[in-house]
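Here is target-v4.txt, consisting of compact mmCIF, C-alpha atoms:
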```
# COMPACT_ATOMS: atom_id res chain seq x y z
CA MET N 13 0.00 0.00 0.00
CA LYS N 14 0.97 3.65 -0.20
CA ALA N 15 1.34 5.81 2.90
CA VAL N 16 2.61 9.27 3.72
CA VAL N 17 5.98 8.83 5.40
CA ILE N 18 7.73 11.39 7.60
CA THR N 19 11.12 10.94 5.93
CA THR N 20 12.90 12.98 8.62
CA PRO N 21 11.58 15.42 11.26
CA GLY N 22 11.02 18.84 9.69
CA GLY N 23 8.77 21.06 7.58
CA PRO N 24 5.87 20.03 5.33
CA GLU N 25 8.30 19.03 2.55
CA VAL N 26 9.47 15.96 4.55
CA LEU N 27 6.12 14.23 3.93
CA LYS N 28 6.44 11.78 1.04
CA LEU N 29 3.96 9.26 -0.38
CA GLN N 30 5.80 5.93 -0.48
CA GLU N 31 5.12 2.23 -1.00
CA VAL N 32 5.10 0.53 2.43
CA GLU N 33 4.00 -2.78 3.94
CA ASP N 34 0.32 -3.38 4.63
CA PRO N 35 -0.68 -3.21 8.31
CA LYS N 36 -0.82 -6.49 10.27
CA LEU N 37 -4.32 -7.25 11.51
CA LYS N 38 -4.77 -8.27 15.17
CA ASP N 39 -7.68 -10.46 16.35
CA ASP N 40 -9.67 -7.54 17.77
CA GLU N 41 -9.07 -5.17 14.85
CA VAL N 42 -10.62 -4.35 11.49
CA LEU N 43 -8.68 -3.44 8.36
CA ILE N 44 -10.08 -0.31 6.73
CA LYS N 45 -9.46 0.60 3.10
CA VAL N 46 -9.13 4.34 3.63
CA GLU N 47 -11.37 6.74 1.70
CA ALA N 48 -10.22 9.88 3.53
CA THR N 49 -8.32 11.10 6.57
CA ALA N 50 -8.38 14.52 8.21
CA LEU N 51 -5.57 16.75 9.41
CA ASN N 52 -5.16 17.53 13.09
CA ARG N 53 -2.74 19.97 14.68
CA ALA N 54 -1.03 16.98 16.33
CA ASP N 55 -0.01 15.70 12.87
CA THR N 56 2.12 18.80 12.31
CA LEU N 57 3.80 18.25 15.69
CA GLN N 58 4.43 14.59 14.85
CA ARG N 59 6.00 15.68 11.55
CA GLN N 60 8.40 17.91 13.51
CA GLY N 61 9.36 14.99 15.78
CA LYS N 62 7.56 16.48 18.81
CA TYR N 63 4.62 14.09 19.20
CA PRO N 64 5.58 10.48 18.51
CA PRO N 65 2.90 7.78 18.19
CA PRO N 66 2.42 5.44 21.18
CA LYS N 67 4.70 2.40 21.12
CA GLY N 68 3.43 -0.31 18.83
CA ASP N 69 1.11 2.00 16.86
CA SER N 70 1.49 3.03 13.22
CA GLU N 71 4.37 5.43 12.60
CA TYR N 72 2.42 7.23 9.85
CA PRO N 73 0.43 10.33 10.78
CA GLY N 74 -3.37 10.50 10.82
CA LEU N 75 -5.64 10.27 13.88
CA GLU N 76 -8.95 9.59 12.13
CA CYS N 77 -10.22 8.13 8.91
CA SER N 78 -13.21 6.90 6.95
CA GLY N 79 -13.43 3.99 4.55
CA THR N 80 -14.65 0.48 3.88
CA ILE N 81 -13.85 -2.59 5.98
CA GLU N 82 -11.66 -4.98 4.00
CA ALA N 83 -10.99 -7.62 6.66
CA VAL N 84 -12.00 -8.35 10.28
CA GLY N 85 -10.03 -10.03 13.05
CA LYS N 86 -11.43 -13.27 14.49
CA ASN N 87 -12.68 -11.65 17.74
CA VAL N 88 -14.67 -8.93 15.97
CA SER N 89 -18.45 -9.36 16.03
CA ARG N 90 -20.05 -6.01 15.29
CA TRP N 91 -18.38 -5.22 11.95
CA LYS N 92 -18.18 -7.14 8.69
CA VAL N 93 -16.34 -6.86 5.39
CA GLY N 94 -17.93 -4.18 3.20
CA ASP N 95 -19.20 -2.00 6.08
CA GLN N 96 -18.67 1.72 5.52
CA VAL N 97 -17.22 3.26 8.67
CA CYS N 98 -15.14 6.00 10.22
CA ALA N 99 -12.70 5.59 13.08
CA LEU N 100 -10.57 7.15 15.79
CA ILE N 101 -6.99 5.93 15.39
CA SER N 102 -3.62 6.41 17.11
CA GLY N 103 -1.89 6.89 13.77
CA GLY N 104 -1.81 5.53 10.24
CA GLY N 105 -4.65 7.51 8.68
CA TYR N 106 -2.41 9.01 5.96
CA ALA N 107 -2.40 5.67 4.12
CA GLU N 108 -4.45 3.48 1.80
CA LYS N 109 -5.17 0.99 4.59
CA VAL N 110 -5.17 1.06 8.38
CA ALA N 111 -5.79 -1.53 11.12
CA VAL N 112 -8.06 -0.24 13.89
CA PRO N 113 -9.26 -1.71 17.22
CA SER N 114 -12.92 -2.56 16.62
CA GLY N 115 -14.08 -0.50 19.63
CA GLN N 116 -12.81 2.69 17.95
CA VAL N 117 -14.88 2.20 14.81
CA LEU N 118 -18.11 4.13 14.20
CA PRO N 119 -20.84 3.85 11.59
CA ILE N 120 -21.06 6.68 9.04
CA PRO N 121 -23.49 9.25 10.51
CA SER N 122 -26.76 9.47 8.63
CA GLY N 123 -26.68 12.09 5.85
CA VAL N 124 -22.88 12.31 5.69
CA SER N 125 -20.81 11.06 2.72
CA LEU N 126 -18.12 8.43 3.23
CA LYS N 127 -15.23 10.84 2.57
CA ASP N 128 -16.65 13.64 4.71
CA ALA N 129 -17.17 11.31 7.68
CA ALA N 130 -13.38 11.40 8.16
CA SER N 131 -13.81 14.90 9.59
CA PHE N 132 -15.73 13.78 12.69
CA PRO N 133 -14.08 11.06 14.86
CA GLU N 134 -11.16 13.00 16.38
CA VAL N 135 -13.06 16.26 16.99
CA ALA N 136 -16.15 14.48 18.30
CA CYS N 137 -14.16 12.25 20.65
CA THR N 138 -11.90 15.09 21.84
CA VAL N 139 -14.74 17.52 22.51
CA TRP N 140 -17.17 14.97 23.96
CA SER N 141 -14.56 13.45 26.30
CA THR N 142 -13.01 16.69 27.55
CA VAL N 143 -15.95 19.10 27.59
CA PHE N 144 -18.88 16.84 28.38
CA MET N 145 -17.55 13.65 30.01
CA THR N 146 -14.77 15.28 32.07
CA SER N 147 -15.89 18.89 32.57
CA LYS N 148 -19.62 17.99 32.66
CA LEU N 149 -20.69 21.11 30.76
CA SER N 150 -24.48 21.14 30.65
CA SER N 151 -27.53 23.05 29.43
CA GLY N 152 -27.79 26.66 30.65
CA GLU N 153 -24.05 26.99 31.32
CA THR N 154 -21.48 29.13 29.51
CA PHE N 155 -18.60 27.94 27.37
CA LEU N 156 -15.57 29.78 25.94
CA ILE N 157 -13.88 28.26 22.89
CA HIS N 158 -10.47 29.57 21.88
CA GLY N 159 -9.84 29.21 18.15
CA GLY N 160 -13.52 28.88 17.33
CA SER N 161 -12.89 28.48 13.59
CA SER N 162 -10.63 25.42 13.91
CA GLY N 163 -11.88 21.89 13.25
CA ILE N 164 -12.38 21.35 16.96
CA GLY N 165 -13.89 24.81 17.41
CA THR N 166 -16.45 24.56 14.62
CA PHE N 167 -17.63 21.22 15.99
CA ALA N 168 -17.67 22.37 19.64
CA ILE N 169 -19.79 25.45 18.85
CA GLN N 170 -22.50 23.37 17.20
CA MET N 171 -22.49 20.59 19.78
CA ALA N 172 -22.75 23.09 22.64
CA LYS N 173 -25.62 24.98 20.99
CA TYR N 174 -27.44 21.68 20.40
CA LEU N 175 -27.22 21.07 24.15
CA GLY N 176 -28.50 24.53 25.15
CA ILE N 177 -25.23 26.20 26.17
CA LYS N 178 -24.21 29.86 25.71
CA VAL N 179 -21.11 29.95 23.53
CA PHE N 180 -18.30 32.52 23.47
CA VAL N 181 -15.54 32.18 20.89
CA THR N 182 -12.24 33.87 20.20
CA ALA N 183 -10.75 34.02 16.70
CA GLY N 184 -8.17 36.13 14.91
CA SER N 185 -10.21 37.70 12.11
CA GLU N 186 -13.65 39.10 11.41
CA GLU N 187 -14.16 36.47 8.69
CA LYS N 188 -13.51 33.69 11.19
CA LEU N 189 -15.83 35.26 13.77
CA LYS N 190 -18.56 35.54 11.16
CA ALA N 191 -18.20 31.82 10.39
CA CYS N 192 -18.44 31.03 14.13
CA LYS N 193 -21.58 33.18 14.47
CA GLU N 194 -23.16 31.37 11.52
CA LEU N 195 -22.54 28.07 13.32
CA GLY N 196 -24.37 29.44 16.38
CA ALA N 197 -21.78 31.18 18.58
CA ASP N 198 -23.46 33.79 20.80
CA VAL N 199 -20.48 36.08 21.39
CA GLY N 200 -17.49 36.47 19.07
CA ILE N 201 -14.28 38.11 20.29
CA ASN N 202 -11.39 39.10 18.04
CA TYR N 203 -8.41 38.34 20.28
CA LYS N 204 -6.17 40.57 18.14
CA THR N 205 -8.18 43.72 18.84
CA GLU N 206 -9.98 42.95 22.08
CA ASP N 207 -9.15 41.72 25.57
CA PHE N 208 -11.20 38.54 25.80
CA VAL N 209 -10.99 38.43 29.61
CA ALA N 210 -12.62 41.86 29.95
CA ARG N 211 -15.25 41.04 27.34
CA VAL N 212 -16.17 37.71 28.95
CA LYS N 213 -16.46 39.37 32.39
CA GLU N 214 -18.67 42.07 30.91
CA GLU N 215 -20.93 39.57 29.08
CA THR N 216 -21.31 37.33 32.13
CA GLY N 217 -21.81 40.07 34.72
CA GLY N 218 -18.38 39.42 36.23
CA LYS N 219 -19.08 35.71 36.74
CA GLY N 220 -16.87 34.30 33.99
CA VAL N 221 -17.61 31.14 32.00
CA ASP N 222 -18.14 27.59 33.27
CA VAL N 223 -15.79 25.78 30.89
CA ILE N 224 -12.98 26.87 28.55
CA LEU N 225 -11.79 24.83 25.58
CA ASP N 226 -8.30 25.89 24.55
CA ASN N 227 -7.10 23.85 21.61
CA ILE N 228 -4.78 26.60 20.40
CA GLY N 229 -2.21 25.90 23.07
CA GLY N 230 0.62 26.91 20.76
CA ALA N 231 3.68 27.09 22.97
CA TYR N 232 1.71 25.44 25.77
CA PHE N 233 0.24 22.57 23.74
CA GLN N 234 2.74 19.99 24.96
CA LYS N 235 2.62 21.27 28.57
CA ASN N 236 -1.18 21.29 28.52
CA LEU N 237 -1.23 17.77 27.18
CA GLU N 238 1.19 16.56 29.84
CA SER N 239 -0.66 18.24 32.67
CA LEU N 240 -4.17 17.37 31.47
CA GLY N 241 -3.66 13.95 29.94
CA ALA N 242 -6.72 14.82 27.82
CA GLY N 243 -5.02 13.82 24.57
CA LEU N 244 -6.84 10.82 23.14
CA ARG N 245 -3.87 9.18 21.51
CA THR N 246 -2.24 7.95 24.70
CA ARG N 247 -5.43 6.73 26.41
CA SER N 248 -5.99 3.02 26.99
CA LEU N 249 -7.97 0.96 24.47
CA GLU N 250 -10.74 0.55 27.06
CA LYS N 251 -10.99 4.30 27.63
CA LYS N 252 -10.99 5.06 23.90
CA GLY N 253 -13.68 2.43 23.35
CA GLU N 254 -15.80 4.01 26.09
CA ILE N 255 -15.42 7.51 24.56
CA VAL N 256 -16.29 6.24 21.08
CA SER N 257 -19.44 4.53 22.31
CA GLU N 258 -20.51 7.70 24.21
CA VAL N 259 -19.94 9.71 21.02
CA GLU N 260 -22.07 7.34 18.98
CA LYS N 261 -24.85 7.60 21.55
CA ASN N 262 -24.74 11.37 22.12
CA VAL N 263 -23.16 13.04 19.09
CA TRP N 264 -24.22 10.89 16.12
CA PRO N 265 -27.95 11.68 16.60
CA ALA N 266 -27.15 15.43 16.52
CA ILE N 267 -25.32 14.96 13.21
CA ALA N 268 -28.16 12.81 11.82
CA GLN N 269 -30.65 15.57 12.72
CA GLY N 270 -28.52 18.14 10.88
CA LYS N 271 -27.87 20.05 14.13
CA VAL N 272 -24.12 19.48 13.84
CA LYS N 273 -22.89 20.00 10.30
CA LEU N 274 -19.53 19.19 8.96
CA VAL N 275 -17.25 22.08 8.11
CA VAL N 276 -14.64 21.09 5.53
CA TYR N 277 -12.37 23.82 4.18
CA LYS N 278 -10.43 21.92 1.53
CA TYR N 279 -9.64 18.45 0.13
CA PHE N 280 -6.17 17.35 -0.99
CA PRO N 281 -5.00 14.03 -2.46
CA LEU N 282 -2.78 11.96 -0.15
CA SER N 283 0.21 12.80 -2.38
CA GLU N 284 -0.19 16.49 -1.44
CA ALA N 285 -0.09 15.99 2.34
CA GLY N 286 2.76 18.52 2.50
CA GLU N 287 0.61 21.20 0.86
CA ALA N 288 -2.22 20.38 3.28
CA HIS N 289 0.18 20.83 6.23
CA LYS N 290 1.34 24.17 4.82
CA LEU N 291 -2.27 25.34 4.69
CA MET N 292 -2.92 24.20 8.27
CA GLU N 293 0.17 26.05 9.48
CA THR N 294 -1.02 29.34 7.90
CA SER N 295 -4.16 29.03 10.11
CA THR N 296 -6.25 30.70 7.41
CA HIS N 297 -8.64 27.75 7.16
CA ILE N 298 -12.06 27.45 8.77
CA GLY N 299 -13.00 23.90 9.78
CA LYS N 300 -11.29 20.72 8.67
CA ILE N 301 -8.74 19.88 5.97
CA LEU N 302 -9.14 16.41 4.43
CA LEU N 303 -6.79 14.09 2.54
CA LEU N 304 -8.34 11.68 0.05
CA ALA N 305 -6.68 8.29 -0.37
```

Just dump the structure as structure tokens.
Amino acid sequence: MKAVVITTPGGPEVLKLQEVEDPKLKDDEVLIKVEATALNRADTLQRQGKYPPPKGDSEYPGLECSGTIEAVGKNVSRWKVGDQVCALISGGGYAEKVAVPSGQVLPIPSGVSLKDAASFPEVACTVWSTVFMTSKLSSGETFLIHGGSSGIGTFAIQMAKYLGIKVFVTAGSEEKLKACKELGADVGINYKTEDFVARVKEETGGKGVDVILDNIGGAYFQKNLESLGAGLRTRSLEKKGEIVSEVEKNVWPAIAQGKVKLVVYKYFPLSEAGEAHKLMETSTHIGKILLLA
């Protein structure tokens, strides 16, 4: 199969599509013929050598994918060959095939195309596990999302509005704030021209918000990850399986009802993964960037 290989740690140009060995299928895994994968900020860190995959997982980037099941391990009961699915993975999405623990596989949400479904698993699992399972954000509360126009941000806005939450977002341009407002954000704050702390205090009568989602992190991303342990990649199989099943139960119906729409900015072929990374690093995009296998 072909996969995008990080030939050496560095800039986007180090990503090369190469012929590699097919993944080995374990008894509790399914083999997915990849239709699409989506970029996540973590992929750019992995490319730079700053965020290695967990031991034993695929060395290729890609934390989510969609596609068709090509083979199933002997302990797998729910899925069968030919099923169209999407999945949360620890790596290996930037490839034509990937082996995935069966508990991290999800059906394609109703009304979503096979390729576009690749845009949901990582954001849905990240947001549901951190904001709703861990922080217990609930109806009537207030929520501040930094980087509201990112893949995680655009999903979090819609999911929070679906659950009756007041949403504040920060973004770096009026265009991005407009996109956030269209997705349902109540208050948009341009962090380049406005002090978000003062604005939040003013809007909440000095109370502040209940939960903050900061997926920008930047210089703090690694430190945040280490101190929070909220990154999905390093969680146990059991924990990931639990998150995925909660997402299917709570998030998939919202997508099926059209209350949470996908926001895809651009599609690239797998061979142009480097170009896709360049785009992500300009931060001009709104929503997700997809790679088509």

Each residue of segment 134-199 of chain N lying at most 12 Å from segment 270-291 of chain N should get a row with its shortest atom-to-atom pair and the distance in Å to one decimal, counting only C-alpha atoms; could you produce that, ordered by chain and increasing number, as a Markdown table?
```
| residue | atom | partner | partner_atom | distance |
| --- | --- | --- | --- | --- |
| N:Val135 | CA | N:Leu274 | CA | 10.7 |
| N:Ala136 | CA | N:Val272 | CA | 10.4 |
| N:Ser161 | CA | N:Val275 | CA | 9.5 |
| N:Ser162 | CA | N:Val275 | CA | 9.4 |
| N:Gly163 | CA | N:Val275 | CA | 7.4 |
| N:Ile164 | CA | N:Val275 | CA | 10.1 |
| N:Gly165 | CA | N:Val275 | CA | 10.3 |
| N:Thr166 | CA | N:Val275 | CA | 7.0 |
| N:Phe167 | CA | N:Val272 | CA | 7.1 |
| N:Ala168 | CA | N:Val272 | CA | 9.1 |
| N:Ile169 | CA | N:Val272 | CA | 8.9 |
| N:Gln170 | CA | N:Val272 | CA | 5.4 |
| N:Met171 | CA | N:Val272 | CA | 6.3 |
| N:Ala172 | CA | N:Val272 | CA | 9.6 |
| N:Lys173 | CA | N:Lys271 | CA | 8.7 |
| N:Tyr174 | CA | N:Lys271 | CA | 6.5 |
| N:Leu175 | CA | N:Lys271 | CA | 10.1 |
| N:Gly176 | CA | N:Lys271 | CA | 11.9 |
| N:Ala191 | CA | N:Val275 | CA | 10.0 |
| N:Cys192 | CA | N:Val275 | CA | 10.9 |
| N:Glu194 | CA | N:Lys273 | CA | 11.4 |
| N:Leu195 | CA | N:Lys273 | CA | 8.6 |
| N:Gly196 | CA | N:Lys271 | CA | 10.3 |
```

Can you tell me, as a list of chain:residue names, what residues are no more than 10 Å from segment 65-70 of chain N when counting only C-alpha atoms, ignoring any on the same chain fewer than 5 positions away? N:Pro35, N:Asp55, N:Gln58, N:Leu75, N:Ile101, N:Ser102, N:Gly103, N:Gly104, N:Gly105, N:Val110, N:Ala111, N:Val112, N:Arg245, N:Thr246, N:Arg247

Would you mind reading off the distance between atom CA of Thr49 of chain N and atom CA of Ser131 of chain N, one decimal, in Å? 7.3 Å

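Here atom CA of Thr216 of chain N and atom CA of Ser141 of chain N stand 25.5 Å from one another.
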
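Interatomic distance, atom CA of Val46 of chain N against atom CA of Pro73 of chain N: 13.4 Å.
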
Lys14 of chain N: which residues within 10 Å, counting all atoms listed in the file, same-chain residues fewer than 6 positions away excluded, as a list of chain:residue names? N:Lys28, N:Leu29, N:Gln30, N:Glu31, N:Val32, N:Glu33, N:Asp34, N:Tyr106, N:Ala107, N:Glu108, N:Lys109, N:Leu282, N:Ser283, N:Ala305

Could those selected residues go to a file with C-alpha atoms, as an mmCIF file, keeping the file's coordinate frame?
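Output saved as out_29.cif:
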```cif
data_model
loop_
_atom_site.group_PDB
_atom_site.id
_atom_site.type_symbol
_atom_site.label_atom_id
_atom_site.label_comp_id
_atom_site.auth_asym_id
_atom_site.auth_seq_id
_atom_site.Cartn_x
_atom_site.Cartn_y
_atom_site.Cartn_z
ATOM 1 C CA LYS N 28 6.440 11.780 1.040
ATOM 2 C CA LEU N 29 3.960 9.260 -0.380
ATOM 3 C CA GLN N 30 5.800 5.930 -0.480
ATOM 4 C CA GLU N 31 5.120 2.230 -1.000
ATOM 5 C CA VAL N 32 5.100 0.530 2.430
ATOM 6 C CA GLU N 33 4.000 -2.780 3.940
ATOM 7 C CA ASP N 34 0.320 -3.380 4.630
ATOM 8 C CA TYR N 106 -2.410 9.010 5.960
ATOM 9 C CA ALA N 107 -2.400 5.670 4.120
ATOM 10 C CA GLU N 108 -4.450 3.480 1.800
ATOM 11 C CA LYS N 109 -5.170 0.990 4.590
ATOM 12 C CA LEU N 282 -2.780 11.960 -0.150
ATOM 13 C CA SER N 283 0.210 12.800 -2.380
ATOM 14 C CA ALA N 305 -6.680 8.290 -0.370
#
```

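Residues lying within 8 Å of Thr182 of chain N, counting all atoms listed in the file and ignoring same-chain neighbours fewer than 5 positions away, are Leu156, Ile157, His158, Gly159, Gly160, Leu189, Gly200, Ile201, Asn202, Tyr203 and Phe208 of chain N.
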
Now that the selection is made, can you save its residues with C-alpha atoms as a compact mmCIF listing (two decimals), keeping the file's coordinate frame?
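Saved file out-v4.txt follows:
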```txt
# COMPACT_ATOMS: atom_id res chain seq x y z
CA LEU N 156 -15.57 29.78 25.94
CA ILE N 157 -13.88 28.26 22.89
CA HIS N 158 -10.47 29.57 21.88
CA GLY N 159 -9.84 29.21 18.15
CA GLY N 160 -13.52 28.88 17.33
CA LEU N 189 -15.83 35.26 13.77
CA GLY N 200 -17.49 36.47 19.07
CA ILE N 201 -14.28 38.11 20.29
CA ASN N 202 -11.39 39.10 18.04
CA TYR N 203 -8.41 38.34 20.28
CA PHE N 208 -11.20 38.54 25.80
```

Nearest-residue call for Leu302 of chain N, choices N:Ile224, N:Val143, N:Val263, N:Ala129, using all atoms listed in the file: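 Checking each candidate against Leu302 of chain N, we get N:Ala129 as the closest.
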